[in-house]
Amino acid sequence: GDPQRDALLVEFVQSLSAPLRQTLADSLHIAASSPASPLPEPRHLLGSAGAPVRITEWSDVLCGHCAALHDTLAELRRKLPEGSFSVDARQFPLDGSCNPLVERREPDSVRCLAARATLCVPGEKAWEFSGELFARQEGLTAEKVYDLARGYRPRPELEACMASDATRRALEEDAQLARG
């Protein structure tokens, strides 16, 4: 391997608390003992397609753990050499109105709206947009989602994309992919 990258990885692991190091070890064991599954084509890939590690992240805009993961991945991007990993960002809103794997339905759910909006923000900008949504989880409303999206896509275009069959299918595909 690359000695510089190896040293950074050792430094990172040593910086973790004992419980986090154990969680990392447990996760690596699970990954190593799990059968390999083919990777789907990424929808919003952050980083190089040729990176040695690809993380597929499923998120819900109101999930605190999802926001923490987003922050952790952003920190890793800052600390690790470029090209160390990539992130395939997927949507998994915790609302049965748009996710068939979830029973609970929320009327006028910001979860579904934000997931569709994120799917309609192009390329790596979707990652940036997700970060803005996560940073404003408390009291997030439909209007706040649209206000934040304004910097990424004009609202009429965004609304047309969000209402499209292609976006509905993409959200369903993410749920099915998460199901495994």
# chains A, B, ... in the order shown; residues from 1 in each chain; ligands from 1
>>> select_by_dssp(residues="segment 34-130 of chain A", states="alpha helix (DSSP H)", output="MDAnalysis selection string")
chainID A and resid 64:79 110:119 125:130
>>> write_last_selection(atoms="N, CA, C and O atoms", output="tab-separated table (two decimals), in the first residue's frame")
chain	number	residue	atom	x	y	z
A	64	GLY	N	-31.05	11.98	12.82
A	64	GLY	CA	-29.86	12.54	13.45
A	64	GLY	C	-28.61	11.73	13.17
A	64	GLY	O	-27.52	12.29	12.99
A	65	HIS	N	-28.74	10.41	13.14
A	65	HIS	CA	-27.58	9.55	12.84
A	65	HIS	C	-27.11	9.78	11.40
A	65	HIS	O	-25.90	9.74	11.13
A	66	CYS	N	-28.04	10.02	10.50
A	66	CYS	CA	-27.68	10.29	9.11
A	66	CYS	C	-26.89	11.59	9.01
A	66	CYS	O	-25.90	11.67	8.27
A	67	ALA	N	-27.33	12.60	9.74
A	67	ALA	CA	-26.62	13.88	9.76
A	67	ALA	C	-25.21	13.70	10.32
A	67	ALA	O	-24.24	14.25	9.79
A	68	ALA	N	-25.08	12.90	11.39
A	68	ALA	CA	-23.76	12.64	11.98
A	68	ALA	C	-22.86	11.90	11.00
A	68	ALA	O	-21.66	12.20	10.89
A	69	LEU	N	-23.43	10.93	10.27
A	69	LEU	CA	-22.64	10.21	9.27
A	69	LEU	C	-22.18	11.17	8.17
A	69	LEU	O	-21.02	11.12	7.74
A	70	HIS	N	-23.06	12.03	7.73
A	70	HIS	CA	-22.71	13.02	6.71
A	70	HIS	C	-21.52	13.87	7.18
A	70	HIS	O	-20.56	14.08	6.44
A	71	ASP	N	-21.58	14.33	8.43
A	71	ASP	CA	-20.49	15.13	8.99
A	71	ASP	C	-19.19	14.31	9.08
A	71	ASP	O	-18.11	14.81	8.80
A	72	THR	N	-19.31	13.05	9.49
A	72	THR	CA	-18.14	12.18	9.61
A	72	THR	C	-17.49	11.96	8.24
A	72	THR	O	-16.27	12.03	8.10
A	73	LEU	N	-18.32	11.70	7.23
A	73	LEU	CA	-17.77	11.50	5.88
A	73	LEU	C	-17.12	12.77	5.36
A	73	LEU	O	-16.08	12.71	4.69
A	74	ALA	N	-17.70	13.93	5.68
A	74	ALA	CA	-17.10	15.20	5.27
A	74	ALA	C	-15.74	15.38	5.95
A	74	ALA	O	-14.77	15.84	5.32
A	75	GLU	N	-15.66	15.01	7.23
A	75	GLU	CA	-14.39	15.10	7.96
A	75	GLU	C	-13.36	14.15	7.35
A	75	GLU	O	-12.19	14.51	7.19
A	76	LEU	N	-13.77	12.94	7.01
A	76	LEU	CA	-12.85	11.99	6.37
A	76	LEU	C	-12.36	12.54	5.03
A	76	LEU	O	-11.18	12.36	4.69
A	77	ARG	N	-13.22	13.19	4.29
A	77	ARG	CA	-12.81	13.78	3.01
A	77	ARG	C	-11.73	14.83	3.20
A	77	ARG	O	-10.83	14.98	2.38
A	78	ARG	N	-11.84	15.58	4.32
A	78	ARG	CA	-10.84	16.61	4.60
A	78	ARG	C	-9.51	16.00	5.05
A	78	ARG	O	-8.45	16.54	4.75
A	79	LYS	N	-9.58	14.90	5.79
A	79	LYS	CA	-8.37	14.34	6.41
A	79	LYS	C	-7.64	13.32	5.54
A	79	LYS	O	-6.42	13.19	5.65
A	110	VAL	N	-42.04	16.31	5.06
A	110	VAL	CA	-40.84	16.97	4.57
A	110	VAL	C	-39.79	15.94	4.20
A	110	VAL	O	-38.91	16.19	3.38
A	111	ARG	N	-39.90	14.72	4.77
A	111	ARG	CA	-38.95	13.66	4.47
A	111	ARG	C	-39.00	13.29	2.99
A	111	ARG	O	-37.96	13.18	2.33
A	112	CYS	N	-40.20	13.08	2.48
A	112	CYS	CA	-40.36	12.71	1.06
A	112	CYS	C	-39.99	13.87	0.15
A	112	CYS	O	-39.31	13.68	-0.87
A	113	LEU	N	-40.43	15.05	0.51
A	113	LEU	CA	-40.14	16.24	-0.29
A	113	LEU	C	-38.63	16.45	-0.40
A	113	LEU	O	-38.10	16.66	-1.50
A	114	ALA	N	-37.93	16.37	0.73
A	114	ALA	CA	-36.47	16.59	0.72
A	114	ALA	C	-35.75	15.49	-0.06
A	114	ALA	O	-34.77	15.77	-0.77
A	115	ALA	N	-36.23	14.25	0.06
A	115	ALA	CA	-35.61	13.15	-0.70
A	115	ALA	C	-35.75	13.40	-2.20
A	115	ALA	O	-34.78	13.26	-2.96
A	116	ARG	N	-36.95	13.78	-2.63
A	116	ARG	CA	-37.16	14.06	-4.07
A	116	ARG	C	-36.32	15.26	-4.51
A	116	ARG	O	-35.73	15.25	-5.60
A	117	ALA	N	-36.27	16.29	-3.69
A	117	ALA	CA	-35.47	17.48	-4.05
A	117	ALA	C	-34.00	17.10	-4.19
A	117	ALA	O	-33.33	17.52	-5.13
A	118	THR	N	-33.49	16.28	-3.27
A	118	THR	CA	-32.09	15.88	-3.33
A	118	THR	C	-31.81	15.08	-4.59
A	118	THR	O	-30.77	15.26	-5.23
A	119	LEU	N	-32.74	14.20	-4.96
A	119	LEU	CA	-32.57	13.44	-6.20
A	119	LEU	C	-32.53	14.34	-7.43
A	119	LEU	O	-31.96	13.98	-8.46
A	125	LYS	N	-23.29	18.31	-6.27
A	125	LYS	CA	-24.03	19.37	-5.58
A	125	LYS	C	-25.10	18.78	-4.66
A	125	LYS	O	-25.49	19.39	-3.68
A	126	ALA	N	-25.56	17.56	-4.97
A	126	ALA	CA	-26.56	16.89	-4.12
A	126	ALA	C	-25.98	16.67	-2.72
A	126	ALA	O	-26.70	16.78	-1.72
A	127	TRP	N	-24.69	16.33	-2.65
A	127	TRP	CA	-24.02	16.12	-1.36
A	127	TRP	C	-24.02	17.42	-0.55
A	127	TRP	O	-24.33	17.44	0.64
A	128	GLU	N	-23.68	18.50	-1.22
A	128	GLU	CA	-23.65	19.82	-0.58
A	128	GLU	C	-25.06	20.20	-0.09
A	128	GLU	O	-25.23	20.66	1.04
A	129	PHE	N	-26.05	19.99	-0.93
A	129	PHE	CA	-27.44	20.28	-0.59
A	129	PHE	C	-27.88	19.44	0.62
A	129	PHE	O	-28.49	19.96	1.56
A	130	SER	N	-27.53	18.15	0.63
A	130	SER	CA	-27.87	17.29	1.76
A	130	SER	C	-27.27	17.84	3.05
A	130	SER	O	-27.93	17.83	4.10
>>> closest_residue(among="A:Pro42, A:Gly96, A:Pro19, A:Pro156", to="Ser109 of chain A", atoms="only C-alpha atoms")
A:Gly96
>>> atom_distance(atom1="atom CA of Val61 of chain A", atom2="atom CA of Gly47 of chain A")
21.4 Å
>>> residues_around(residues="segment 98-104 of chain A", least_positions_apart="5", cutoff="12 Å", atoms="only C-alpha atoms", output="MDAnalysis selection string")
chainID A and resid 60 91:93 109:116 162:163 167:180
>>> atom_distance(atom1="atom CA of Ile55 of chain A", atom2="atom CA of Ala89 of chain A")
8.3 Å
